Each structure stands twice: as structure tokens, then as C-alpha cells.
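Since the structure comes first, as C-alpha cells, the remarks are kept for the end.
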Number of protein chains: 2
Amino acid sequence: MPFANTEIPGKFQALLAERGIRMTEQRRAILNVIETAKRHLDAGQVLRRARKLEPSIDRSTVYRTLGLLKRHGLIDELDLMHLDGEAHYYERKLNRDHIHLACLRCGKITEFVSDLFESLKEQIENDCQYQIAVARLEIGGCCSNCRT
Amino acid sequence: MPFANTEIPGKFQALLAERGIRMTEQRRAILNVIETAKRHLDAGQVLRRARKLEPSIDRSTVYRTLGLLKRHGLIDELDLMHLDGEAHYYERKLNRDHIHLACLRCGKITEFVSDLFESLKEQIENDCQYQIAVARLEIGGCCSNCRT
DNA sequence: ATCTTAATGCGACAGTGTCGCATTAAGATC
DNA sequence: GATCTTAATGCGACACTGTCGCATTAAGAT
Ligand SMILES: [Zn+2]
Ligand SMILES: [Zn+2]
Ligand SMILES: [Zn+2]
Ligand SMILES: [Zn+2]
């Protein structure tokens, strides 16, 4: 289960409104898709789902909206080891970063939260004098199911 | 300086020979380019450089060779936050994994080695019962130069 | 020198993501 | 509610990345 359901749907809208971003039917549909997704979606999948809510939506609008959400730090972009093509995957950003593990055999995606990861980010900010905006840790390997 | 110069050039060739992989002029050129690169190169850049050594090389050969090296764990593939287009970047894998920091303002790429990162990977292997093949930690943020 | 088979070049292709431009509609102002 | 400004959209064209099938070439074993 990739997503903890601790966030109120509609939060994206509120956050964008706060920042004076115009809300449209198209954006509402896209935000809705991303907020309620139960797995990681690529741009094409977001488009197809959003079209069910708002059939006129164009591909470029999806890309522009994903860009907007990325710039505002509301979603994260992932590779998930490109197990299936070259698309990137998106997920809404929660309070806490998580690590993505992709099984190179069965393709299963596992998520993992770790305090050590938080410490590592702190170490980087201190040692490298960096201000971190996005931290993306992706692992490729072999899951326990596939090793038995 | 992205790469520690601790590796003998020609190591790729030796490793591939060990595994019974056929060596060609084209591969030699590509391996040479990657082994001697002083920064992270994308597939197009690898192609252009390899053509200087072996003008006949085709784009698909580069992709096929990069795929080969990836499968054999000799190179790592990076996004570097896609600061410039959607290409992926490649670098030869050294003894020790390193973290990539990409400054979202100036585009500078910084590399960082951390024991904490090694511990985190161990924790993941234990807690998630995972056998890690690739671990890619990429940070986007603001470097010290850009904050002053 | 011969032979097997892996690797290559070529061409065609699909997919991803971008952009300029004319049109539409959000939401502020009155 | 009508008007206005400007951001956002749809459309079309595009560039780029990466893939594949197939005929040809050449690696390296015999
Ligand atoms: Zn996730
Ligand atoms: Zn990527
Ligand atoms: Zn698996
Ligand atoms: Zn590096």
C-alpha cells in the first residue's frame, strides 16, 4: 500500500489557492487523480484518469500541471528504476520522505520510512552546506518473495 | 571532481572478458569514453565522444552497450534531477557508492560519500529483507554558493 | 582458414516531454 | 451580474530519447 491515507483530499487545492494559483476544472481533475491514487502513476496514466473526470484535458496540460506541482514541492518525481519504459512516476509528497525499493525481478515497489534516512539528510545539509528541496532514494534489487 | 582516479583504465575490458563478453572496436571506444570521463555523460554525449575514436559507431550500439554495462553492474544510471532535459547520465561504478547533489539554481553537481548511507543500506537489507543491487540517492536543492 | 554466433549499422518506430500561438475562462474589480 | 486582465488551455508541431527487427559484419574459438 503505497500511500498512507492521512491527508485530507483537497489539500492541494487549498495550498495552491494560498499561493494565488488559479484553479481550473482541468487542474481539479488532475489534482484529484493524484491525491486519490493508490499507486505511483506516470504522466500518461494521470492523463487517462483525469480524462474520465474532464474529457477535454490535453496531454500538455498534464505535463504543465505536473511541473507546477513539482515546482511547488507538492509532488515527487520518481524513476522506480524504469522497470517499464522511460516514464517518470509521480506521487504526492507527504510529511515524511520515504525510500522506494523496486524489485528488478517481479517489479514490486516497496516503500520504507527510516530515521537513518532523516539523519543522513541532516548530515548532508550540514557537511555540504546544502539546502535540500528534494531527496530521492531509489533502490533496485531483489525482494524477499523473489529470493525464496 | 566527480571521479576518483583510483581505477585502472581498461578494467571494464578485463571484467567483460572474464565474463566471456565479446570485445569490439566500438565497445572499446565506448568503455574508454566512460572510463576516462571527468563528468557525468548522457548517452548522446557518450556517442559523440566515442565517434571521435571510432567514427562508424551507431546510436543504438551506445544504448546497447550502456544496457550491457548496467546489467553487469559496471555503471550507474542517474537522473541528476533532469536539470537539462530528460536524458539519463552514466558513470562508472566505483568501490563505494556516492550521493549526488544537484543545485537547482546553478546546476552544479556535487558528490558525497557517507558512512551513514552505508548503514542505511544495511538497515534496508535487513528490515526489508532486500538484496540491493543499485542504490541511488539524488538530492535537489541549493548549494552554498547560490545561497550567499 | 573456417565457422558459429554475437554484435553492429541501419532504418523505422513509439513514447515522452516541450513549445508557440490563438482561444478560453478564472477570478478580481466595479 | 457584467467587464476586464491575464493566466491557463488545447492544439499542433516538434525534438529527443530509447527500442527493435533484420540483414550484414566480424570476434574469437576450432
Ligand atoms: Zn512512494
Ligand atoms: Zn529518469
Ligand atoms: Zn520481487
Ligand atoms: Zn557521480
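In the C-alpha cells, chains take the letters A, B, ... in the order shown, each chain's residues start at 1, and ligands count up from 1 in the order shown.
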Give me, as a list in words, the residues of chain A touching chain C, with the criterion being at most 10 Å (counting only C-alpha atoms (C1' of nucleotides)).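 Result: Arg22, Met23, Thr24, Ala43, Gly44, Arg59, Ser60, Tyr63, Arg64, Gly85, Glu86, Ala87 and His88 of chain A.
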Would you save the residues from that selection as a compact mmCIF listing (two decimals), in the first residue's frame, using C-alpha atoms?
```txt
# COMPACT_ATOMS: atom_id res chain seq x y z
CA ARG A 22 -5.66 29.87 -10.45
CA MET A 23 -7.87 26.83 -10.15
CA THR A 24 -9.41 25.27 -13.25
CA ALA A 43 2.04 11.17 -16.84
CA GLY A 44 0.13 9.05 -19.35
CA ARG A 59 -1.55 15.99 -22.61
CA SER A 60 0.34 19.24 -22.38
CA TYR A 63 2.70 17.99 -18.09
CA ARG A 64 2.29 21.64 -17.21
CA GLY A 85 9.81 2.13 -20.11
CA GLU A 86 11.26 5.55 -19.56
CA ALA A 87 8.37 7.38 -18.00
CA HIS A 88 8.62 9.11 -14.66
```
Least-squares superpose chain B on chain A across all ordered C-alpha pairs, then write out what you get as a compact mmCIF listing (two decimals) with C-alpha atoms, in the first residue's frame.
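Below is the file part_25.txt, written as the result:
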```
# COMPACT_ATOMS: atom_id res chain seq x y z
CA MET B 1 0.08 0.10 -0.04
CA PRO B 2 1.99 3.01 -1.33
CA PHE B 3 0.14 5.84 0.32
CA ALA B 4 -0.73 6.55 3.90
CA ASN B 5 -4.25 7.94 3.96
CA THR B 6 -3.52 10.64 6.46
CA GLU B 7 -4.05 13.60 4.16
CA ILE B 8 -7.32 15.36 3.52
CA PRO B 9 -8.31 15.25 -0.14
CA GLY B 10 -8.48 18.77 -1.47
CA LYS B 11 -5.33 19.81 0.31
CA PHE B 12 -3.61 20.53 -3.00
CA GLN B 13 -6.35 22.92 -3.95
CA ALA B 14 -6.07 24.76 -0.68
CA LEU B 15 -2.31 25.01 -0.93
CA LEU B 16 -2.42 26.33 -4.48
CA ALA B 17 -5.17 28.83 -3.64
CA GLU B 18 -3.03 30.11 -0.76
CA ARG B 19 -0.34 30.86 -3.27
CA GLY B 20 -2.67 32.64 -5.64
CA ILE B 21 -2.66 29.92 -8.27
CA ARG B 22 -5.74 29.87 -10.47
CA MET B 23 -7.94 26.81 -10.17
CA THR B 24 -9.47 25.23 -13.26
CA GLU B 25 -11.62 22.21 -13.97
CA GLN B 26 -8.63 20.55 -15.57
CA ARG B 27 -6.39 21.12 -12.60
CA ARG B 28 -9.07 19.96 -10.24
CA ALA B 29 -9.31 16.71 -12.16
CA ILE B 30 -5.55 16.17 -12.19
CA LEU B 31 -5.16 17.01 -8.51
CA ASN B 32 -7.98 14.64 -7.72
CA VAL B 33 -6.32 11.83 -9.64
CA ILE B 34 -3.00 12.31 -7.89
CA GLU B 35 -4.50 12.77 -4.45
CA THR B 36 -6.56 9.61 -4.65
CA ALA B 37 -4.08 7.40 -6.49
CA LYS B 38 -3.32 4.16 -4.73
CA ARG B 39 -0.11 3.59 -6.64
CA HIS B 40 2.55 5.57 -8.46
CA LEU B 41 1.29 6.97 -11.75
CA ASP B 42 3.17 8.21 -14.76
CA ALA B 43 2.07 11.19 -16.83
CA GLY B 44 0.18 9.06 -19.34
CA GLN B 45 -1.76 7.30 -16.62
CA VAL B 46 -2.58 10.60 -14.96
CA LEU B 47 -3.87 11.85 -18.30
CA ARG B 48 -6.10 8.85 -18.91
CA ARG B 49 -7.61 8.98 -15.44
CA ALA B 50 -8.08 12.73 -15.51
CA ARG B 51 -9.91 12.45 -18.83
CA LYS B 52 -12.54 10.32 -17.18
CA LEU B 53 -13.35 13.30 -14.99
CA GLU B 54 -12.78 16.00 -17.58
CA PRO B 55 -12.64 14.52 -21.09
CA SER B 56 -11.23 17.58 -22.81
CA ILE B 57 -7.92 17.59 -20.95
CA ASP B 58 -4.85 17.72 -23.13
CA ARG B 59 -1.56 15.98 -22.61
CA SER B 60 0.33 19.25 -22.36
CA THR B 61 -1.93 20.42 -19.55
CA VAL B 62 -1.01 17.35 -17.57
CA TYR B 63 2.68 18.02 -18.07
CA ARG B 64 2.25 21.66 -17.21
CA THR B 65 0.34 20.81 -14.07
CA LEU B 66 2.86 18.19 -13.00
CA GLY B 67 5.56 20.82 -13.49
CA LEU B 68 3.62 23.25 -11.37
CA LEU B 69 3.14 20.76 -8.56
CA LYS B 70 6.80 19.83 -8.70
CA ARG B 71 7.92 23.45 -8.53
CA HIS B 72 5.70 23.96 -5.51
CA GLY B 73 7.06 20.89 -3.83
CA LEU B 74 3.68 19.17 -3.67
CA ILE B 75 4.67 16.07 -5.59
CA ASP B 76 7.81 14.02 -6.01
CA GLU B 77 9.09 12.59 -9.25
CA LEU B 78 10.45 9.05 -9.32
CA ASP B 79 12.17 6.72 -11.72
CA LEU B 80 11.30 3.47 -9.95
CA MET B 81 14.30 2.04 -11.75
CA HIS B 82 12.49 2.44 -15.09
CA LEU B 83 11.23 -1.11 -14.80
CA ASP B 84 8.74 -0.45 -17.56
CA GLY B 85 9.81 2.15 -20.08
CA GLU B 86 11.29 5.56 -19.52
CA ALA B 87 8.39 7.40 -17.97
CA HIS B 88 8.65 9.11 -14.63
CA TYR B 89 6.26 8.49 -11.81
CA TYR B 90 4.59 10.93 -9.52
CA GLU B 91 3.23 10.81 -6.01
CA ARG B 92 2.03 13.42 -3.63
CA LYS B 93 4.56 14.45 -1.06
CA LEU B 94 3.66 13.52 2.47
CA ASN B 95 5.03 14.87 5.71
CA ARG B 96 7.80 12.31 5.69
CA ASP B 97 10.06 11.24 2.85
CA HIS B 98 10.14 7.57 2.04
CA ILE B 99 12.51 5.31 0.23
CA HIS B 100 11.44 3.36 -2.84
CA LEU B 101 12.57 -0.21 -3.38
CA ALA B 102 11.95 -1.70 -6.80
CA CYS B 103 12.32 -5.43 -7.27
CA LEU B 104 14.18 -6.01 -10.50
CA ARG B 105 12.56 -9.42 -10.89
CA CYS B 106 8.89 -9.09 -10.06
CA GLY B 107 8.60 -5.32 -10.36
CA LYS B 108 7.04 -4.86 -6.96
CA ILE B 109 7.51 -1.43 -5.42
CA THR B 110 8.04 -1.25 -1.68
CA GLU B 111 8.13 1.87 0.42
CA PHE B 112 10.19 2.31 3.53
CA VAL B 113 10.51 5.03 6.11
CA SER B 114 13.70 5.35 8.11
CA ASP B 115 15.07 7.64 10.78
CA LEU B 116 18.51 6.88 9.47
CA PHE B 117 17.47 8.46 6.20
CA GLU B 118 16.44 11.60 8.05
CA SER B 119 19.82 11.69 9.82
CA LEU B 120 21.61 11.22 6.55
CA LYS B 121 19.80 14.20 5.06
CA GLU B 122 20.76 16.28 8.08
CA GLN B 123 24.36 15.19 7.70
CA ILE B 124 24.31 16.23 4.07
CA GLU B 125 22.84 19.62 4.86
CA ASN B 126 25.55 20.21 7.44
CA ASP B 127 28.59 18.68 5.79
CA CYS B 128 27.85 19.94 2.29
CA GLN B 129 26.30 23.23 3.30
CA TYR B 130 23.30 22.31 1.24
CA GLN B 131 19.69 23.29 1.51
CA ILE B 132 17.78 20.20 0.44
CA ALA B 133 14.58 20.61 -1.55
CA VAL B 134 14.12 17.05 -2.80
CA ALA B 135 15.69 13.83 -1.62
CA ARG B 136 15.14 10.76 -3.70
CA LEU B 137 16.50 7.40 -2.62
CA GLU B 138 15.66 4.60 -5.00
CA ILE B 139 16.84 1.07 -4.60
CA GLY B 140 16.89 -1.66 -7.19
CA GLY B 141 17.29 -5.23 -6.05
CA CYS B 142 15.60 -8.43 -5.21
CA CYS B 143 12.67 -8.63 -2.81
CA SER B 144 12.17 -11.39 -0.27
CA ASN B 145 9.44 -13.07 -2.33
CA CYS B 146 11.70 -13.46 -5.31
CA ARG B 147 14.58 -14.93 -3.37
CA THR B 148 12.81 -17.94 -1.90
```
In segment 11-76 of chain A, DSSP alpha helix (DSSP H) residues written as a PyMOL selection string: chain A and resi 11-18+25-36+43-53+59-71
Would you put the residues from that selection into a file with N, CA and C atoms, as a CSV table (one decimal), in the first residue's frame?
```csv
chain,number,residue,atom,x,y,z
A,11,LYS,N,-6.4,19.0,-0.3
A,11,LYS,CA,-5.3,19.8,0.3
A,11,LYS,C,-4.5,20.6,-0.7
A,12,PHE,N,-4.3,19.9,-1.9
A,12,PHE,CA,-3.6,20.5,-3.0
A,12,PHE,C,-4.2,21.8,-3.4
A,13,GLN,N,-5.6,21.7,-3.5
A,13,GLN,CA,-6.3,22.9,-3.9
A,13,GLN,C,-6.1,24.1,-3.0
A,14,ALA,N,-6.2,23.8,-1.7
A,14,ALA,CA,-6.0,24.8,-0.6
A,14,ALA,C,-4.6,25.4,-0.8
A,15,LEU,N,-3.6,24.5,-0.9
A,15,LEU,CA,-2.2,25.0,-0.9
A,15,LEU,C,-2.0,25.9,-2.1
A,16,LEU,N,-2.6,25.5,-3.3
A,16,LEU,CA,-2.4,26.3,-4.4
A,16,LEU,C,-3.1,27.6,-4.3
A,17,ALA,N,-4.3,27.6,-3.8
A,17,ALA,CA,-5.1,28.8,-3.6
A,17,ALA,C,-4.3,29.8,-2.7
A,18,GLU,N,-3.8,29.3,-1.6
A,18,GLU,CA,-2.9,30.1,-0.8
A,18,GLU,C,-1.9,30.9,-1.5
A,25,GLU,N,-11.0,23.6,-14.0
A,25,GLU,CA,-11.6,22.3,-13.9
A,25,GLU,C,-10.5,21.2,-14.2
A,26,GLN,N,-9.7,21.5,-15.2
A,26,GLN,CA,-8.6,20.6,-15.6
A,26,GLN,C,-7.7,20.3,-14.4
A,27,ARG,N,-7.3,21.3,-13.8
A,27,ARG,CA,-6.4,21.1,-12.6
A,27,ARG,C,-7.0,20.4,-11.5
A,28,ARG,N,-8.3,20.7,-11.3
A,28,ARG,CA,-9.0,20.0,-10.2
A,28,ARG,C,-9.0,18.5,-10.5
A,29,ALA,N,-9.3,18.2,-11.8
A,29,ALA,CA,-9.3,16.7,-12.1
A,29,ALA,C,-7.9,16.1,-11.9
A,30,ILE,N,-6.9,16.8,-12.3
A,30,ILE,CA,-5.6,16.2,-12.2
A,30,ILE,C,-5.2,16.1,-10.7
A,31,LEU,N,-5.5,17.1,-9.9
A,31,LEU,CA,-5.2,17.0,-8.5
A,31,LEU,C,-5.9,15.9,-7.9
A,32,ASN,N,-7.2,15.7,-8.2
A,32,ASN,CA,-8.0,14.7,-7.7
A,32,ASN,C,-7.3,13.3,-8.0
A,33,VAL,N,-6.9,13.1,-9.2
A,33,VAL,CA,-6.3,11.8,-9.6
A,33,VAL,C,-5.1,11.5,-8.8
A,34,ILE,N,-4.3,12.5,-8.6
A,34,ILE,CA,-3.0,12.3,-7.9
A,34,ILE,C,-3.3,12.1,-6.4
A,35,GLU,N,-4.2,12.9,-5.9
A,35,GLU,CA,-4.5,12.8,-4.5
A,35,GLU,C,-5.1,11.4,-4.1
A,36,THR,N,-5.9,10.8,-5.0
A,36,THR,CA,-6.6,9.6,-4.6
A,36,THR,C,-5.9,8.4,-5.2
A,43,ALA,N,2.8,10.1,-16.3
A,43,ALA,CA,2.0,11.2,-16.8
A,43,ALA,C,0.9,10.6,-17.7
A,44,GLY,N,1.2,9.6,-18.5
A,44,GLY,CA,0.1,9.0,-19.4
A,44,GLY,C,-1.0,8.5,-18.6
A,45,GLN,N,-0.7,7.9,-17.5
A,45,GLN,CA,-1.8,7.3,-16.6
A,45,GLN,C,-2.6,8.4,-16.0
A,46,VAL,N,-1.9,9.5,-15.5
A,46,VAL,CA,-2.6,10.6,-15.0
A,46,VAL,C,-3.6,11.2,-16.0
A,47,LEU,N,-3.1,11.3,-17.2
A,47,LEU,CA,-3.9,11.9,-18.3
A,47,LEU,C,-5.2,11.0,-18.5
A,48,ARG,N,-5.0,9.7,-18.6
A,48,ARG,CA,-6.1,8.9,-18.9
A,48,ARG,C,-7.2,8.9,-17.8
A,49,ARG,N,-6.7,8.9,-16.6
A,49,ARG,CA,-7.6,9.0,-15.4
A,49,ARG,C,-8.3,10.4,-15.3
A,50,ALA,N,-7.5,11.4,-15.6
A,50,ALA,CA,-8.1,12.8,-15.5
A,50,ALA,C,-9.2,12.9,-16.6
A,51,ARG,N,-9.0,12.3,-17.7
A,51,ARG,CA,-9.9,12.5,-18.8
A,51,ARG,C,-11.3,11.9,-18.5
A,52,LYS,N,-11.3,10.9,-17.6
A,52,LYS,CA,-12.6,10.3,-17.2
A,52,LYS,C,-13.4,11.4,-16.4
A,53,LEU,N,-12.7,12.3,-15.7
A,53,LEU,CA,-13.3,13.3,-15.0
A,53,LEU,C,-13.6,14.6,-15.8
A,59,ARG,N,-2.8,16.5,-23.1
A,59,ARG,CA,-1.5,16.0,-22.6
A,59,ARG,C,-0.7,17.1,-22.1
A,60,SER,N,-0.6,18.2,-22.8
A,60,SER,CA,0.3,19.2,-22.4
A,60,SER,C,-0.1,19.9,-21.1
A,61,THR,N,-1.4,19.9,-20.8
A,61,THR,CA,-1.9,20.4,-19.6
A,61,THR,C,-1.4,19.5,-18.4
A,62,VAL,N,-1.5,18.2,-18.6
A,62,VAL,CA,-1.0,17.3,-17.6
A,62,VAL,C,0.5,17.6,-17.3
A,63,TYR,N,1.3,17.7,-18.3
A,63,TYR,CA,2.7,18.0,-18.1
A,63,TYR,C,2.9,19.3,-17.4
A,64,ARG,N,2.1,20.3,-17.8
A,64,ARG,CA,2.3,21.6,-17.2
A,64,ARG,C,1.9,21.6,-15.7
A,65,THR,N,0.8,20.9,-15.5
A,65,THR,CA,0.4,20.8,-14.1
A,65,THR,C,1.4,20.0,-13.2
A,66,LEU,N,1.9,18.9,-13.8
A,66,LEU,CA,2.9,18.2,-13.0
A,66,LEU,C,4.1,19.1,-12.7
A,67,GLY,N,4.5,19.9,-13.7
A,67,GLY,CA,5.6,20.8,-13.5
A,67,GLY,C,5.3,21.8,-12.4
A,68,LEU,N,4.1,22.3,-12.4
A,68,LEU,CA,3.6,23.2,-11.4
A,68,LEU,C,3.7,22.6,-10.0
A,69,LEU,N,3.2,21.4,-9.9
A,69,LEU,CA,3.2,20.7,-8.6
A,69,LEU,C,4.6,20.4,-8.1
A,70,LYS,N,5.4,20.1,-9.0
A,70,LYS,CA,6.8,19.8,-8.7
A,70,LYS,C,7.5,21.1,-8.2
A,71,ARG,N,7.3,22.1,-8.9
A,71,ARG,CA,7.9,23.4,-8.5
A,71,ARG,C,7.5,23.8,-7.1
```
Taking only chain B into account, list the residues labelled strand (DSSP E or B) by DSSP (computed from the backbone), as a PyMOL selection string. chain B and resi 41-42+75-78+89-92+99-103+109-112+131-142
Taking only C-alpha atoms (C1' of nucleotides) into account, find every residue of chain D that has an atom no more than 9 Å from chain B, and write it out as a VMD selection string. chain D and resid 16 to 19 26 to 28
Can you spit out the residues from that selection as a short mmCIF file (atom, residue, chain, number, x, y, z; two decimals), in the first residue's frame, using all heavy atoms?
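What follows is the written file selection.cif:
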```
data_model
loop_
_atom_site.label_atom_id
_atom_site.label_comp_id
_atom_site.auth_asym_id
_atom_site.auth_seq_id
_atom_site.Cartn_x
_atom_site.Cartn_y
_atom_site.Cartn_z
P DC D 16 16.94 18.13 -30.54
OP1 DC D 16 17.94 19.05 -29.96
OP2 DC D 16 17.12 17.54 -31.88
"O5'" DC D 16 16.74 16.95 -29.51
"C5'" DC D 16 16.14 17.23 -28.25
"C4'" DC D 16 15.79 15.93 -27.62
"O4'" DC D 16 14.62 15.39 -28.28
"C3'" DC D 16 16.88 14.87 -27.78
"O3'" DC D 16 17.35 14.54 -26.48
"C2'" DC D 16 16.20 13.71 -28.49
"C1'" DC D 16 14.72 13.99 -28.23
N1 DC D 16 13.77 13.43 -29.23
C2 DC D 16 12.74 12.63 -28.76
O2 DC D 16 12.66 12.42 -27.55
N3 DC D 16 11.86 12.11 -29.65
C4 DC D 16 11.98 12.37 -30.95
N4 DC D 16 11.09 11.83 -31.77
C5 DC D 16 13.02 13.20 -31.45
C6 DC D 16 13.89 13.70 -30.56
P DT D 17 18.55 13.59 -26.29
OP1 DT D 17 19.38 14.12 -25.20
OP2 DT D 17 19.15 13.28 -27.61
"O5'" DT D 17 17.81 12.29 -25.75
"C5'" DT D 17 16.90 12.41 -24.68
"C4'" DT D 17 16.19 11.10 -24.49
"O4'" DT D 17 15.29 10.86 -25.58
"C3'" DT D 17 17.13 9.90 -24.43
"O3'" DT D 17 16.83 9.18 -23.24
"C2'" DT D 17 16.83 9.11 -25.71
"C1'" DT D 17 15.39 9.53 -26.02
N1 DT D 17 15.01 9.51 -27.44
C2 DT D 17 13.86 8.82 -27.80
O2 DT D 17 13.18 8.21 -27.01
N3 DT D 17 13.57 8.87 -29.14
C4 DT D 17 14.26 9.53 -30.12
O4 DT D 17 13.88 9.50 -31.29
C5 DT D 17 15.44 10.24 -29.69
C7 DT D 17 16.27 10.98 -30.68
C6 DT D 17 15.75 10.19 -28.38
P DG D 18 17.85 8.08 -22.76
OP1 DG D 18 17.67 7.93 -21.30
OP2 DG D 18 19.18 8.35 -23.33
"O5'" DG D 18 17.24 6.78 -23.44
"C5'" DG D 18 15.92 6.39 -23.10
"C4'" DG D 18 15.41 5.39 -24.09
"O4'" DG D 18 15.24 6.01 -25.38
"C3'" DG D 18 16.30 4.17 -24.33
"O3'" DG D 18 15.56 3.03 -23.90
"C2'" DG D 18 16.57 4.20 -25.82
"C1'" DG D 18 15.36 4.99 -26.34
N9 DG D 18 15.52 5.57 -27.66
C8 DG D 18 16.48 6.46 -28.08
N7 DG D 18 16.36 6.81 -29.33
C5 DG D 18 15.25 6.11 -29.77
C6 DG D 18 14.63 6.05 -31.04
O6 DG D 18 14.95 6.66 -32.07
N1 DG D 18 13.52 5.21 -31.05
C2 DG D 18 13.07 4.48 -29.96
N2 DG D 18 12.01 3.72 -30.15
N3 DG D 18 13.63 4.53 -28.77
C4 DG D 18 14.72 5.34 -28.74
P DT D 19 16.03 1.56 -24.22
OP1 DT D 19 15.56 0.75 -23.09
OP2 DT D 19 17.45 1.58 -24.62
"O5'" DT D 19 15.19 1.16 -25.51
"C5'" DT D 19 13.77 1.16 -25.40
"C4'" DT D 19 13.20 0.46 -26.59
"O4'" DT D 19 13.46 1.24 -27.78
"C3'" DT D 19 13.81 -0.92 -26.84
"O3'" DT D 19 12.74 -1.84 -26.96
"C2'" DT D 19 14.61 -0.75 -28.13
"C1'" DT D 19 13.91 0.40 -28.82
N1 DT D 19 14.76 1.25 -29.68
C2 DT D 19 14.38 1.43 -30.98
O2 DT D 19 13.38 0.92 -31.45
N3 DT D 19 15.20 2.25 -31.71
C4 DT D 19 16.34 2.89 -31.28
O4 DT D 19 16.99 3.61 -32.04
C5 DT D 19 16.69 2.67 -29.90
C7 DT D 19 17.90 3.33 -29.33
C6 DT D 19 15.89 1.87 -29.18
P DA D 26 33.51 -5.74 -40.83
OP1 DA D 26 33.87 -4.31 -40.63
OP2 DA D 26 33.96 -6.51 -42.01
"O5'" DA D 26 33.96 -6.53 -39.53
"C5'" DA D 26 33.46 -6.11 -38.27
"C4'" DA D 26 33.65 -7.22 -37.26
"O4'" DA D 26 32.72 -8.29 -37.56
"C3'" DA D 26 35.03 -7.87 -37.30
"O3'" DA D 26 35.32 -8.31 -36.00
"C2'" DA D 26 34.79 -9.09 -38.17
"C1'" DA D 26 33.45 -9.50 -37.58
N9 DA D 26 32.68 -10.47 -38.34
C8 DA D 26 32.64 -10.64 -39.68
N7 DA D 26 31.84 -11.61 -40.07
C5 DA D 26 31.33 -12.11 -38.87
C6 DA D 26 30.43 -13.14 -38.60
N6 DA D 26 29.85 -13.90 -39.54
N1 DA D 26 30.14 -13.38 -37.30
C2 DA D 26 30.71 -12.61 -36.36
N3 DA D 26 31.57 -11.61 -36.51
C4 DA D 26 31.83 -11.41 -37.80
P DA D 27 36.59 -7.74 -35.23
OP1 DA D 27 36.48 -6.27 -35.18
OP2 DA D 27 37.76 -8.43 -35.75
"O5'" DA D 27 36.31 -8.32 -33.75
"C5'" DA D 27 35.00 -8.73 -33.45
"C4'" DA D 27 34.92 -9.64 -32.25
"O4'" DA D 27 34.22 -10.82 -32.67
"C3'" DA D 27 36.21 -10.15 -31.64
"O3'" DA D 27 35.91 -10.53 -30.30
"C2'" DA D 27 36.54 -11.35 -32.53
"C1'" DA D 27 35.15 -11.89 -32.85
N9 DA D 27 34.96 -12.34 -34.24
C8 DA D 27 35.55 -11.84 -35.37
N7 DA D 27 35.18 -12.45 -36.49
C5 DA D 27 34.28 -13.41 -36.04
C6 DA D 27 33.54 -14.40 -36.72
N6 DA D 27 33.56 -14.57 -38.05
N1 DA D 27 32.75 -15.21 -36.00
C2 DA D 27 32.70 -15.03 -34.66
N3 DA D 27 33.35 -14.13 -33.90
C4 DA D 27 34.13 -13.36 -34.66
P DG D 28 37.04 -10.81 -29.26
OP1 DG D 28 36.50 -10.44 -27.93
OP2 DG D 28 38.30 -10.23 -29.76
"O5'" DG D 28 37.18 -12.40 -29.32
"C5'" DG D 28 36.04 -13.21 -29.02
"C4'" DG D 28 36.30 -14.63 -29.45
"O4'" DG D 28 36.13 -14.74 -30.88
"C3'" DG D 28 37.72 -15.16 -29.16
"O3'" DG D 28 37.61 -16.54 -28.89
"C2'" DG D 28 38.39 -14.96 -30.51
"C1'" DG D 28 37.26 -15.42 -31.40
N9 DG D 28 37.37 -15.15 -32.81
C8 DG D 28 38.16 -14.20 -33.43
N7 DG D 28 38.04 -14.21 -34.73
C5 DG D 28 37.12 -15.22 -34.99
C6 DG D 28 36.59 -15.69 -36.21
O6 DG D 28 36.84 -15.30 -37.36
N1 DG D 28 35.67 -16.72 -36.03
C2 DG D 28 35.32 -17.23 -34.79
N2 DG D 28 34.44 -18.22 -34.79
N3 DG D 28 35.81 -16.80 -33.63
C4 DG D 28 36.70 -15.80 -33.82
#
```
To one decimal place, how far is atom 1 (Zn, counted along the ligand's line) of ligand 3 from atom C1' of DC20 of chain D in Å?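 Answer for the atom 1 (Zn, counted along the ligand's line) of ligand 3 to atom C1' of DC20 of chain D separation: 26.8 Å.
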